[in-house]
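Asks: Got my_file-v8.json for you, JSON, C-alpha atoms:
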```json
[["chain", "number", "residue", "atom", "x", "y", "z"],
["J", 1, "MET", "CA", 281.52, 148.22, 69.84],
["J", 2, "SER", "CA", 282.65, 148.46, 66.23],
["J", 3, "SER", "CA", 285.35, 146.05, 65.04],
["J", 4, "GLN", "CA", 286.84, 148.77, 62.83],
["J", 5, "ILE", "CA", 290.34, 149.88, 63.90],
["J", 6, "LEU", "CA", 290.34, 153.66, 64.22],
["J", 7, "THR", "CA", 293.35, 155.66, 63.08],
["J", 8, "SER", "CA", 294.56, 158.05, 65.78],
["J", 9, "THR", "CA", 295.59, 161.50, 64.52],
["J", 10, "PRO", "CA", 298.36, 163.81, 65.79],
["J", 11, "MET", "CA", 297.80, 165.86, 68.92],
["J", 12, "ARG", "CA", 296.73, 169.49, 68.70],
["J", 13, "ALA", "CA", 299.42, 171.97, 69.78],
["J", 14, "PRO", "CA", 298.61, 173.45, 73.22],
["J", 15, "GLU", "CA", 299.06, 177.04, 72.03],
["J", 16, "THR", "CA", 296.14, 176.57, 69.61],
["J", 17, "LEU", "CA", 293.64, 175.55, 72.29],
["J", 18, "ALA", "CA", 290.73, 177.86, 73.07],
["J", 19, "ARG", "CA", 291.43, 179.96, 76.14],
["J", 20, "PRO", "CA", 289.29, 179.34, 79.25],
["J", 21, "ALA", "CA", 286.07, 181.37, 79.19],
["J", 22, "PHE", "CA", 286.03, 181.57, 82.99],
["J", 23, "THR", "CA", 288.57, 181.82, 85.77],
["J", 24, "VAL", "CA", 289.89, 178.29, 86.28],
["J", 25, "PRO", "CA", 290.10, 177.78, 90.05],
["J", 26, "ALA", "CA", 293.35, 176.86, 91.76],
["J", 27, "GLY", "CA", 293.77, 173.10, 91.97],
["J", 28, "ALA", "CA", 291.46, 172.35, 89.05],
["J", 29, "CYS", "CA", 291.49, 168.69, 88.06],
["J", 30, "ASP", "CA", 290.92, 166.98, 84.72],
["J", 31, "SER", "CA", 289.39, 163.78, 86.07],
["J", 32, "HIS", "CA", 289.60, 161.71, 82.88],
["J", 33, "VAL", "CA", 292.72, 161.50, 80.72],
["J", 34, "HIS", "CA", 294.73, 158.68, 79.19],
["J", 35, "VAL", "CA", 298.48, 158.38, 78.62],
["J", 36, "PHE", "CA", 300.20, 156.46, 75.82],
["J", 37, "GLU", "CA", 303.91, 155.94, 75.28],
["J", 38, "SER", "CA", 306.18, 153.98, 72.93],
["J", 39, "GLU", "CA", 304.88, 150.59, 71.79],
["J", 40, "ASP", "CA", 308.41, 149.24, 72.18],
["J", 41, "ARG", "CA", 308.15, 149.77, 75.91],
["J", 42, "TYR", "CA", 304.41, 149.29, 76.43],
["J", 43, "PRO", "CA", 302.84, 146.71, 74.09],
["J", 44, "HIS", "CA", 299.13, 146.97, 73.37],
["J", 45, "VAL", "CA", 296.50, 144.24, 73.54],
["J", 46, "ASP", "CA", 296.24, 141.81, 70.65],
["J", 47, "GLN", "CA", 293.30, 143.52, 68.96],
["J", 48, "PRO", "CA", 293.12, 147.20, 69.95],
["J", 49, "HIS", "CA", 290.21, 149.33, 68.78],
["J", 50, "TYR", "CA", 292.56, 152.10, 67.57],
["J", 51, "THR", "CA", 296.15, 152.80, 66.59],
["J", 52, "LEU", "CA", 298.61, 154.26, 69.10],
["J", 53, "PRO", "CA", 297.35, 157.74, 70.08],
["J", 54, "ASP", "CA", 299.66, 160.74, 70.22],
["J", 55, "GLY", "CA", 299.20, 161.05, 73.98],
["J", 56, "PRO", "CA", 302.48, 160.96, 75.92],
["J", 57, "LEU", "CA", 302.75, 162.43, 79.41],
["J", 58, "THR", "CA", 304.77, 165.39, 78.16],
["J", 59, "LYS", "CA", 301.92, 166.50, 75.88],
["J", 60, "LEU", "CA", 299.35, 165.94, 78.63],
["J", 61, "ASP", "CA", 301.35, 168.23, 80.92],
["J", 62, "ALA", "CA", 301.58, 170.86, 78.18],
["J", 63, "MET", "CA", 297.80, 170.78, 77.64],
["J", 64, "CYS", "CA", 297.10, 171.10, 81.36],
["J", 65, "GLU", "CA", 299.54, 173.97, 81.77],
["J", 66, "SER", "CA", 297.97, 175.79, 78.83],
["J", 67, "LEU", "CA", 294.47, 175.57, 80.35],
["J", 68, "GLY", "CA", 295.38, 176.11, 83.99],
["J", 69, "LEU", "CA", 294.64, 172.55, 85.10],
["J", 70, "ALA", "CA", 296.80, 171.66, 88.10],
["J", 71, "ARG", "CA", 295.83, 168.01, 88.49],
["J", 72, "TYR", "CA", 294.66, 165.06, 86.44],
["J", 73, "VAL", "CA", 293.47, 161.48, 86.76],
["J", 74, "ILE", "CA", 295.05, 158.96, 84.40],
["J", 75, "VAL", "CA", 292.53, 156.29, 83.42],
["J", 76, "GLN", "CA", 293.79, 152.94, 82.15],
["J", 77, "PRO", "CA", 292.74, 152.62, 78.47],
["J", 78, "SER", "CA", 291.51, 149.46, 76.77],
["J", 79, "PHE", "CA", 294.58, 149.77, 74.48],
["J", 80, "TYR", "CA", 296.70, 148.25, 77.27],
["J", 81, "GLY", "CA", 294.05, 146.00, 78.81],
["J", 82, "THR", "CA", 295.03, 145.01, 82.34],
["J", 83, "ASP", "CA", 298.73, 145.80, 81.80],
["J", 84, "ASN", "CA", 298.84, 149.00, 83.87],
["J", 85, "ARG", "CA", 302.57, 149.70, 83.54],
["J", 86, "CYS", "CA", 302.26, 152.77, 81.32],
["J", 87, "MET", "CA", 299.73, 154.39, 83.63],
["J", 88, "LEU", "CA", 301.70, 153.50, 86.75],
["J", 89, "ASP", "CA", 304.99, 154.79, 85.35],
["J", 90, "ALA", "CA", 303.26, 158.04, 84.41],
["J", 91, "LEU", "CA", 301.98, 158.35, 87.99],
["J", 92, "ASP", "CA", 305.51, 157.86, 89.30],
["J", 93, "ILE", "CA", 306.69, 160.78, 87.17],
["J", 94, "ALA", "CA", 303.70, 163.05, 87.79],
["J", 95, "GLY", "CA", 303.75, 162.63, 91.55],
["J", 96, "GLU", "CA", 301.14, 164.24, 93.77],
["J", 97, "ARG", "CA", 299.43, 166.14, 90.96],
["J", 98, "ALA", "CA", 298.09, 162.87, 89.53],
["J", 99, "ARG", "CA", 295.95, 159.90, 90.48],
["J", 100, "GLY", "CA", 295.21, 156.70, 88.57],
["J", 101, "VAL", "CA", 292.33, 154.38, 87.68],
["J", 102, "ALA", "CA", 293.43, 150.81, 86.98],
["J", 103, "MET", "CA", 291.94, 147.82, 85.17],
["J", 104, "VAL", "CA", 292.61, 144.36, 86.60],
["J", 105, "ASP", "CA", 291.38, 140.81, 86.24],
["J", 106, "ASP", "CA", 290.20, 138.45, 88.95],
["J", 107, "SER", "CA", 293.69, 136.97, 89.38],
["J", 108, "VAL", "CA", 295.20, 140.23, 90.66],
["J", 109, "THR", "CA", 296.92, 139.83, 94.02],
["J", 110, "GLU", "CA", 296.40, 141.89, 97.13],
["J", 111, "ASP", "CA", 300.08, 142.88, 97.06],
["J", 112, "THR", "CA", 299.66, 144.24, 93.52],
["J", 113, "LEU", "CA", 296.64, 146.31, 94.54],
["J", 114, "HIS", "CA", 298.50, 147.74, 97.54],
["J", 115, "ASP", "CA", 301.47, 148.64, 95.31],
["J", 116, "MET", "CA", 299.10, 150.41, 92.91],
["J", 117, "HIS", "CA", 297.62, 152.33, 95.83],
["J", 118, "ARG", "CA", 301.09, 153.41, 96.97],
["J", 119, "ARG", "CA", 301.77, 154.74, 93.46],
["J", 120, "GLY", "CA", 298.55, 156.77, 93.30],
["J", 121, "VAL", "CA", 295.76, 154.51, 92.03],
["J", 122, "ARG", "CA", 292.42, 155.20, 93.71],
["J", 123, "ALA", "CA", 289.85, 153.35, 91.59],
["J", 124, "LEU", "CA", 289.09, 150.36, 89.40],
["J", 125, "ARG", "CA", 287.76, 150.86, 85.89],
["J", 126, "LEU", "CA", 285.06, 148.35, 84.97],
["J", 127, "ASP", "CA", 284.87, 147.94, 81.19],
["J", 128, "LEU", "CA", 281.23, 146.98, 80.75],
["J", 129, "PHE", "CA", 281.45, 147.53, 77.00],
["J", 130, "LEU", "CA", 283.67, 144.46, 76.99],
["J", 131, "ARG", "CA", 281.11, 142.57, 79.10],
["J", 132, "SER", "CA", 277.94, 144.01, 77.59],
["J", 133, "GLY", "CA", 276.86, 140.61, 76.25],
["J", 134, "LEU", "CA", 276.68, 139.11, 79.74],
["J", 135, "PRO", "CA", 273.39, 138.73, 81.62],
["J", 136, "THR", "CA", 272.68, 141.56, 84.04],
["J", 137, "ALA", "CA", 272.97, 139.17, 86.99],
["J", 138, "GLU", "CA", 276.56, 138.34, 86.00],
["J", 139, "LEU", "CA", 277.41, 142.03, 85.66],
["J", 140, "VAL", "CA", 276.05, 142.64, 89.16],
["J", 141, "GLN", "CA", 278.22, 139.81, 90.49],
["J", 142, "TYR", "CA", 281.26, 141.29, 88.73],
["J", 143, "ILE", "CA", 280.56, 144.69, 90.31],
["J", 144, "GLN", "CA", 280.15, 143.12, 93.75],
["J", 145, "ARG", "CA", 283.45, 141.22, 93.38],
["J", 146, "SER", "CA", 285.18, 144.46, 92.45],
["J", 147, "VAL", "CA", 283.79, 146.20, 95.54],
["J", 148, "ARG", "CA", 285.04, 143.39, 97.78],
["J", 149, "MET", "CA", 288.43, 143.40, 96.06],
["J", 150, "THR", "CA", 289.08, 147.07, 96.84],
["J", 151, "LYS", "CA", 287.10, 147.60, 100.04],
["J", 152, "THR", "CA", 290.05, 147.76, 102.40],
["J", 153, "LEU", "CA", 291.83, 150.25, 100.13],
["J", 154, "GLY", "CA", 288.87, 152.62, 100.04],
["J", 155, "TRP", "CA", 288.85, 152.76, 96.23],
["J", 156, "HIS", "CA", 285.83, 153.61, 94.16],
["J", 157, "LEU", "CA", 284.62, 152.04, 90.91],
["J", 158, "GLN", "CA", 284.50, 153.73, 87.53],
["J", 159, "PHE", "CA", 281.95, 152.43, 85.03],
["J", 160, "TYR", "CA", 282.85, 152.61, 81.34],
["J", 161, "THR", "CA", 279.61, 151.31, 79.95],
["J", 162, "PRO", "CA", 277.03, 151.72, 77.21],
["J", 163, "GLY", "CA", 273.89, 153.53, 78.31],
["J", 164, "TRP", "CA", 271.62, 150.57, 77.79],
["J", 165, "VAL", "CA", 273.70, 148.56, 80.26],
["J", 166, "VAL", "CA", 273.42, 151.45, 82.72],
["J", 167, "ARG", "CA", 269.65, 151.38, 82.26],
["J", 168, "ASP", "CA", 269.52, 147.65, 82.98],
["J", 169, "LEU", "CA", 271.65, 148.14, 86.10],
["J", 170, "ILE", "CA", 269.51, 150.93, 87.57],
["J", 171, "PRO", "CA", 267.59, 148.58, 89.93],
["J", 172, "TYR", "CA", 270.92, 147.40, 91.41],
["J", 173, "LEU", "CA", 272.96, 150.62, 91.61],
["J", 174, "GLY", "CA", 271.44, 151.70, 94.92],
["J", 175, "ASP", "CA", 272.85, 148.60, 96.60],
["J", 176, "ILE", "CA", 276.50, 149.18, 95.65],
["J", 177, "ASP", "CA", 278.44, 149.51, 98.91],
["J", 178, "ALA", "CA", 281.12, 151.82, 97.51],
["J", 179, "ASP", "CA", 281.38, 155.09, 95.67],
["J", 180, "PHE", "CA", 281.12, 154.64, 91.91],
["J", 181, "VAL", "CA", 281.41, 156.99, 88.94],
["J", 182, "ILE", "CA", 279.58, 156.67, 85.64],
["J", 183, "ASP", "CA", 281.60, 158.01, 82.71],
["J", 184, "HIS", "CA", 280.50, 160.24, 79.86],
["J", 185, "MET", "CA", 277.26, 161.60, 81.39],
["J", 186, "GLY", "CA", 275.77, 158.11, 81.43],
["J", 187, "TYR", "CA", 276.42, 157.42, 77.74],
["J", 188, "MET", "CA", 272.67, 157.23, 77.16],
["J", 189, "LEU", "CA", 272.45, 157.47, 73.38],
["J", 190, "GLU", "CA", 269.10, 158.01, 71.71],
["J", 191, "SER", "CA", 270.37, 155.76, 68.93],
["J", 192, "ASP", "CA", 270.51, 152.92, 71.48],
["J", 193, "GLY", "CA", 266.90, 153.49, 72.46],
["J", 194, "LEU", "CA", 267.58, 155.43, 75.66],
["J", 195, "THR", "CA", 265.15, 158.15, 76.76],
["J", 196, "ARG", "CA", 265.15, 161.19, 79.04],
["J", 197, "GLN", "CA", 263.00, 159.15, 81.42],
["J", 198, "ASP", "CA", 265.81, 156.56, 81.66],
["J", 199, "PHE", "CA", 268.29, 159.36, 82.37],
["J", 200, "ASP", "CA", 266.10, 160.87, 85.10],
["J", 201, "ARG", "CA", 265.63, 157.44, 86.72],
["J", 202, "LEU", "CA", 269.40, 157.04, 86.77],
["J", 203, "LEU", "CA", 269.95, 160.41, 88.41],
["J", 204, "ARG", "CA", 267.42, 159.64, 91.14],
["J", 205, "VAL", "CA", 269.16, 156.36, 91.99],
["J", 206, "LEU", "CA", 272.60, 158.00, 92.01],
["J", 207, "ALA", "CA", 271.40, 160.84, 94.22],
["J", 208, "ASP", "CA", 269.88, 158.42, 96.74],
["J", 209, "GLY", "CA", 272.93, 156.13, 96.79],
["J", 210, "ARG", "CA", 276.69, 156.48, 96.36],
["J", 211, "GLY", "CA", 276.83, 157.28, 92.67],
["J", 212, "TRP", "CA", 278.81, 160.02, 90.96],
["J", 213, "MET", "CA", 278.58, 161.34, 87.41],
["J", 214, "LYS", "CA", 281.38, 162.52, 85.16],
["J", 215, "LEU", "CA", 280.86, 165.39, 82.73],
["J", 216, "SER", "CA", 283.07, 163.94, 80.02],
["J", 217, "GLY", "CA", 283.04, 162.73, 76.43],
["J", 218, "PRO", "CA", 280.33, 165.09, 75.10],
["J", 219, "TYR", "CA", 281.34, 164.19, 71.55],
["J", 220, "ARG", "CA", 280.62, 160.56, 72.37],
["J", 221, "VAL", "CA", 277.08, 161.42, 73.46],
["J", 222, "ALA", "CA", 276.32, 164.17, 70.92],
["J", 223, "LYS", "CA", 277.99, 162.49, 67.97],
["J", 224, "ASP", "CA", 276.77, 165.21, 65.60],
["J", 225, "GLY", "CA", 278.79, 167.82, 67.50],
["J", 226, "ASN", "CA", 275.70, 169.66, 68.73],
["J", 227, "PHE", "CA", 276.77, 170.08, 72.35],
["J", 228, "GLU", "CA", 273.97, 172.55, 73.02],
["J", 229, "LYS", "CA", 271.48, 169.70, 73.27],
["J", 230, "LEU", "CA", 273.49, 168.29, 76.18],
["J", 231, "ARG", "CA", 272.97, 171.42, 78.29],
["J", 232, "PRO", "CA", 269.71, 170.21, 79.91],
["J", 233, "LEU", "CA", 271.35, 166.90, 80.82],
["J", 234, "ALA", "CA", 274.39, 168.65, 82.28],
["J", 235, "HIS", "CA", 272.18, 171.02, 84.29],
["J", 236, "ALA", "CA", 270.23, 168.04, 85.65],
["J", 237, "ILE", "CA", 273.46, 166.27, 86.68],
["J", 238, "VAL", "CA", 274.88, 169.33, 88.44],
["J", 239, "GLU", "CA", 271.59, 169.97, 90.24],
["J", 240, "ALA", "CA", 271.03, 166.35, 91.32],
["J", 241, "LEU", "CA", 274.65, 165.64, 92.31],
["J", 242, "PRO", "CA", 276.25, 168.93, 93.38],
["J", 243, "GLU", "CA", 278.79, 167.18, 95.62],
["J", 244, "ARG", "CA", 279.30, 164.18, 93.33],
["J", 245, "THR", "CA", 279.89, 165.62, 89.86],
["J", 246, "ILE", "CA", 283.36, 165.81, 88.31],
["J", 247, "TRP", "CA", 284.67, 166.89, 84.90],
["J", 248, "GLY", "CA", 287.04, 165.15, 82.50],
["J", 249, "SER", "CA", 288.33, 166.07, 79.06],
["J", 250, "ASP", "CA", 288.83, 162.48, 77.81],
["J", 251, "TRP", "CA", 292.20, 163.66, 76.44],
["J", 252, "PRO", "CA", 293.74, 162.67, 73.94],
["J", 253, "HIS", "CA", 290.26, 162.38, 72.40],
["J", 254, "ILE", "CA", 290.77, 159.05, 70.66],
["J", 255, "PRO", "CA", 291.02, 158.96, 67.70],
["J", 256, "ASN", "CA", 290.82, 162.73, 67.04],
["J", 257, "GLY", "CA", 293.94, 164.28, 68.53],
["J", 258, "ALA", "CA", 293.11, 167.60, 66.84],
["J", 259, "ARG", "CA", 290.05, 168.13, 69.04],
["J", 260, "ASP", "CA", 290.13, 171.35, 71.10],
["J", 261, "THR", "CA", 290.35, 170.52, 74.81],
["J", 262, "GLY", "CA", 289.85, 174.20, 75.62],
["J", 263, "GLU", "CA", 286.48, 174.12, 73.89],
["J", 264, "LEU", "CA", 285.48, 171.13, 76.03],
["J", 265, "LEU", "CA", 286.55, 172.87, 79.24],
["J", 266, "ASN", "CA", 284.53, 175.92, 78.21],
["J", 267, "LEU", "CA", 281.35, 173.84, 78.13],
["J", 268, "LEU", "CA", 281.40, 174.19, 81.91],
["J", 269, "ALA", "CA", 280.54, 177.88, 81.55],
["J", 270, "PRO", "CA", 276.95, 177.19, 80.38],
["J", 271, "TRP", "CA", 276.69, 173.81, 82.11],
["J", 272, "ALA", "CA", 277.63, 175.17, 85.56],
["J", 273, "PRO", "CA", 277.22, 178.95, 85.28],
["J", 274, "ASP", "CA", 278.02, 179.67, 88.94],
["J", 275, "ALA", "CA", 281.64, 179.87, 90.04],
["J", 276, "PRO", "CA", 280.96, 177.92, 93.29],
["J", 277, "ALA", "CA", 279.54, 175.02, 91.24],
["J", 278, "ARG", "CA", 282.64, 174.98, 89.01],
["J", 279, "GLN", "CA", 284.81, 175.08, 92.13],
["J", 280, "ARG", "CA", 283.11, 171.92, 93.35],
["J", 281, "ILE", "CA", 283.25, 170.14, 89.98],
["J", 282, "LEU", "CA", 286.86, 171.00, 89.20],
["J", 283, "VAL", "CA", 288.47, 171.13, 92.64],
["J", 284, "ASP", "CA", 286.53, 170.07, 95.72],
["J", 285, "ASN", "CA", 284.75, 166.96, 94.44],
["J", 286, "PRO", "CA", 287.74, 165.34, 92.69],
["J", 287, "ALA", "CA", 289.99, 166.19, 95.65],
["J", 288, "ARG", "CA", 287.64, 164.29, 97.95],
["J", 289, "LEU", "CA", 287.10, 161.38, 95.58],
["J", 290, "PHE", "CA", 290.75, 160.84, 94.63],
["J", 291, "GLY", "CA", 292.42, 161.94, 97.85],
["J", 292, "PHE", "CA", 294.32, 164.98, 96.60],
["J", 293, "ALA", "CA", 295.96, 167.19, 99.23],
["J", 294, "PRO", "CA", 294.15, 170.42, 100.18],
["J", 295, "ILE", "CA", 294.99, 173.49, 98.10],
["J", 296, "PRO", "CA", 297.23, 175.91, 100.05],
["J", 297, "GLN", "CA", 295.32, 179.07, 100.92]]
```
Let's see the structure in the file written out as structure tokens.
Replies:
Amino acid sequence: MSSQILTSTPMRAPETLARPAFTVPAGACDSHVHVFESEDRYPHVDQPHYTLPDGPLTKLDAMCESLGLARYVIVQPSFYGTDNRCMLDALDIAGERARGVAMVDDSVTEDTLHDMHRRGVRALRLDLFLRSGLPTAELVQYIQRSVRMTKTLGWHLQFYTPGWVVRDLIPYLGDIDADFVIDHMGYMLESDGLTRQDFDRLLRVLADGRGWMKLSGPYRVAKDGNFEKLRPLAHAIVEALPERTIWGSDWPHIPNGARDTGELLNLLAPWAPDAPARQRILVDNPARLFGFAPIPQ
């Protein structure tokens, strides 16, 4: 990753977001957001990759209300490292409409994990960008340790990883004895030498094992803003993993707070043209993965 510190820009006002181009189903979940609060209360890591984003819980709630999103999953950002207090405090306030994804180190205690579970955490985030220089064998060992650490809690793993690391892990993904989610459509950038053949190999392994895919971060994959070229990849994901695909906005879109979250939600219209598919992606699949209560009929 670049050593340049990115400057986070102010958050877009919710009333300026594009309106949903389809009927957002009841109980829809944004499965990938981050929350940031005052640095006085929640100090960042020594060398963050970006300045404090304009992403407090109040603005997250306003965005979700504007777009008809009833639930969200707060993912621990690298900005706070393994200090999960900001995320956990946000979960305490949000209550049953939210779940969390934590980052921990090997010294975390069983009591701490159980307390996180009580407060709404349901997954571990594995930052493989941070560990991308390690041999593949060591990454596999790290993944296996994480599975053992959370097995009794029933958590899943969330992989934040460059696409070339995903490619190198493909031979091992089928052996992971837990559900796991790969962020940002696999993050398989052509600029990193990844091919459609690599992507198709990944989908086959996920479909045969316990892997999930997250339709998130399209601007991280199509860095030129041409989201249309992602449509074939999205269609392939939805077709290969109908019961194991979820959607996330990646709000607050670090570092570009002015990005239109409504526009990102509307990508689901061409990516999953059928209402039943969007129901699964936005409601049924995340409810099952994160343990949300059933939607009242």
Asks: Grab the CA of Ala13 in chain J to CA of Ser249 in chain J distance for me, in Å with one decimal place.
Replies: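 It comes out at 15.6 Å.
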Asks: Using all atoms listed in the file, give me every residue within 9 Å of (268.6, 164.3, 97.9) in file coordinates, as a list in words.
Replies: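 Collected hits near the coordinates: Arg204, Ala207, Asp208, Ala240 and Leu241 of chain J.
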Asks: Hey, can you check how far CA of Arg278 in chain J sits from CA of Leu69 in chain J?
Replies: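 Separation of CA of Arg278 in chain J and CA of Leu69 in chain J: 12.9 Å.
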Asks: Please return, as a compact mmCIF listing (two decimals) with C-alpha atoms, keeping the file's coordinate frame, all polymer residues that have at least one atom within 12 Å of the point (275.1, 171.3, 85.5); use all atoms listed in the file and the file's own coordinate frame.
Replies:
```
# COMPACT_ATOMS: atom_id res chain seq x y z
CA MET J 185 277.26 161.60 81.39
CA MET J 213 278.58 161.34 87.41
CA LYS J 214 281.38 162.52 85.16
CA LEU J 215 280.86 165.39 82.73
CA LEU J 230 273.49 168.29 76.18
CA ARG J 231 272.97 171.42 78.29
CA PRO J 232 269.71 170.21 79.91
CA LEU J 233 271.35 166.90 80.82
CA ALA J 234 274.39 168.65 82.28
CA HIS J 235 272.18 171.02 84.29
CA ALA J 236 270.23 168.04 85.65
CA ILE J 237 273.46 166.27 86.68
CA VAL J 238 274.88 169.33 88.44
CA GLU J 239 271.59 169.97 90.24
CA ALA J 240 271.03 166.35 91.32
CA LEU J 241 274.65 165.64 92.31
CA PRO J 242 276.25 168.93 93.38
CA GLU J 243 278.79 167.18 95.62
CA ARG J 244 279.30 164.18 93.33
CA THR J 245 279.89 165.62 89.86
CA ILE J 246 283.36 165.81 88.31
CA TRP J 247 284.67 166.89 84.90
CA LEU J 267 281.35 173.84 78.13
CA LEU J 268 281.40 174.19 81.91
CA ALA J 269 280.54 177.88 81.55
CA PRO J 270 276.95 177.19 80.38
CA TRP J 271 276.69 173.81 82.11
CA ALA J 272 277.63 175.17 85.56
CA PRO J 273 277.22 178.95 85.28
CA ASP J 274 278.02 179.67 88.94
CA ALA J 275 281.64 179.87 90.04
CA PRO J 276 280.96 177.92 93.29
CA ALA J 277 279.54 175.02 91.24
CA ARG J 278 282.64 174.98 89.01
CA ARG J 280 283.11 171.92 93.35
CA ILE J 281 283.25 170.14 89.98
```
Asks: Name the closest residue to Phe227 in chain J among the candidates J:Gly81, J:Thr195, J:Ile74, J:Leu264; distances are taken between atoms, counting all atoms listed in the file.
Replies: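 Among the listed residues, the smallest separation from Phe227 in chain J belongs to J:Leu264.
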Asks: Fewer than 3 positions away in the same chain doesn't count, so skip those; otherwise give me all residues within 6 Å of Asp250 in chain J, counting all atoms listed in the file, as a ChimeraX atom specification.
Replies: /J:32-33,217,253
Asks: Now that the selection is made, can you save its residues with C-alpha atoms as a PDB file, in the coordinates of the input?
Replies:
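Saved the output as out18.pdb:
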```pdb
ATOM      1  CA  HIS J  32     289.600 161.710  82.880  1.00  0.00           C
ATOM      2  CA  VAL J  33     292.720 161.500  80.720  1.00  0.00           C
ATOM      3  CA  GLY J 217     283.040 162.730  76.430  1.00  0.00           C
ATOM      4  CA  HIS J 253     290.260 162.380  72.400  1.00  0.00           C
TER       5      HIS J 253
END
```
Asks: Please list as a ChimeraX atom specification every residue within 8 Å of range 89-100 of chain J, counting all atoms listed in the file and excluding residues in the same chain fewer than 2 positions away.
Replies: /J:35,57,70-76,85-87,102,119-123,290,292
Asks: At a cut-off of 8 Å, using all atoms listed in the file, what residues contact Leu126 in chain J? Leave out same-chain residues fewer than 5 positions from it and give the result as a list in words.
Replies: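 These residues fall inside the cut-off: Met103, Ile143, Leu157, Gln158, Phe159, Tyr160 and Thr161 of chain J.
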Asks: Just checking: using only C-alpha atoms, which residue out of J:Ile5, J:Leu194, J:Val165, J:Ile295 ends up closest to Ala26 in chain J?
Replies: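 Closest to Ala26 in chain J, using only C-alpha atoms: J:Ile295.
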Asks: Pick out the closest residue to Gly68 in chain J from this set: J:Gly186, J:Gly27, J:Pro43, J:Gly55. Count all atoms listed in the file.
Replies: J:Gly27
Asks: Rank nothing, just name the residue among J:Thr152, J:Thr136, J:Gln4, J:Thr9 nearest to His117 in chain J, using only C-alpha atoms.
Replies: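 Going through J:Thr152, J:Thr136, J:Gln4, J:Thr9 one by one, the smallest distance to His117 in chain J is for J:Thr152.
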Asks: As an exercise, work out the distance from CA of Arg210 in chain J to CA of Val166 in chain J in Å and give it to one decimal place.
Replies: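 About the pair CA of Arg210 in chain J and CA of Val166 in chain J: they are 14.9 Å apart.
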Asks: Hey, which of J:Glu263, J:Gly257, J:Glu39, J:Leu169 ends up closest to Glu138 in chain J? Count all atoms listed in the file.
Replies: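 For Glu138 in chain J, the nearest of the candidates is J:Leu169.
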Asks: Some atoms are absent from range 253-265 of chain J, so rebuild N, CA and C atoms and return them as a PDB file, in the coordinates of the input.
Replies:
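Final file, result-v5.pdb:
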```
ATOM      1  N   HIS J 253     291.413 162.334  73.312  1.00  0.00           N
ATOM      2  CA  HIS J 253     290.260 162.380  72.400  1.00  0.00           C
ATOM      3  C   HIS J 253     290.356 161.356  71.264  1.00  0.00           C
ATOM      4  N   ILE J 254     290.587 160.132  71.629  1.00  0.00           N
ATOM      5  CA  ILE J 254     290.770 159.050  70.660  1.00  0.00           C
ATOM      6  C   ILE J 254     289.572 158.939  69.734  1.00  0.00           C
ATOM      7  N   PRO J 255     289.758 158.914  68.428  1.00  0.00           N
ATOM      8  CA  PRO J 255     291.020 158.960  67.700  1.00  0.00           C
ATOM      9  C   PRO J 255     291.418 160.353  67.229  1.00  0.00           C
ATOM     10  N   ASN J 256     290.641 161.399  67.608  1.00  0.00           N
ATOM     11  CA  ASN J 256     290.820 162.730  67.040  1.00  0.00           C
ATOM     12  C   ASN J 256     291.699 163.603  67.911  1.00  0.00           C
ATOM     13  N   GLY J 257     293.012 163.488  67.742  1.00  0.00           N
ATOM     14  CA  GLY J 257     293.940 164.280  68.530  1.00  0.00           C
ATOM     15  C   GLY J 257     293.840 165.768  68.282  1.00  0.00           C
ATOM     16  N   ALA J 258     293.230 166.178  67.172  1.00  0.00           N
ATOM     17  CA  ALA J 258     293.110 167.600  66.840  1.00  0.00           C
ATOM     18  C   ALA J 258     291.962 168.277  67.574  1.00  0.00           C
ATOM     19  N   ARG J 259     291.180 167.535  68.349  1.00  0.00           N
ATOM     20  CA  ARG J 259     290.050 168.130  69.040  1.00  0.00           C
ATOM     21  C   ARG J 259     290.533 169.172  70.051  1.00  0.00           C
ATOM     22  N   ASP J 260     289.745 170.218  70.257  1.00  0.00           N
ATOM     23  CA  ASP J 260     290.130 171.350  71.100  1.00  0.00           C
ATOM     24  C   ASP J 260     289.699 171.099  72.546  1.00  0.00           C
ATOM     25  N   THR J 261     290.664 170.769  73.405  1.00  0.00           N
ATOM     26  CA  THR J 261     290.350 170.520  74.810  1.00  0.00           C
ATOM     27  C   THR J 261     289.852 171.779  75.500  1.00  0.00           C
ATOM     28  N   GLY J 262     290.329 172.948  75.055  1.00  0.00           N
ATOM     29  CA  GLY J 262     289.850 174.200  75.620  1.00  0.00           C
ATOM     30  C   GLY J 262     288.359 174.400  75.372  1.00  0.00           C
ATOM     31  N   GLU J 263     287.901 174.023  74.194  1.00  0.00           N
ATOM     32  CA  GLU J 263     286.480 174.120  73.890  1.00  0.00           C
ATOM     33  C   GLU J 263     285.673 173.228  74.830  1.00  0.00           C
ATOM     34  N   LEU J 264     286.186 172.054  75.134  1.00  0.00           N
ATOM     35  CA  LEU J 264     285.480 171.130  76.030  1.00  0.00           C
ATOM     36  C   LEU J 264     285.446 171.675  77.452  1.00  0.00           C
ATOM     37  N   LEU J 265     286.547 172.262  77.915  1.00  0.00           N
ATOM     38  CA  LEU J 265     286.550 172.870  79.240  1.00  0.00           C
ATOM     39  C   LEU J 265     285.534 174.007  79.300  1.00  0.00           C
TER      40      LEU J 265
END
```
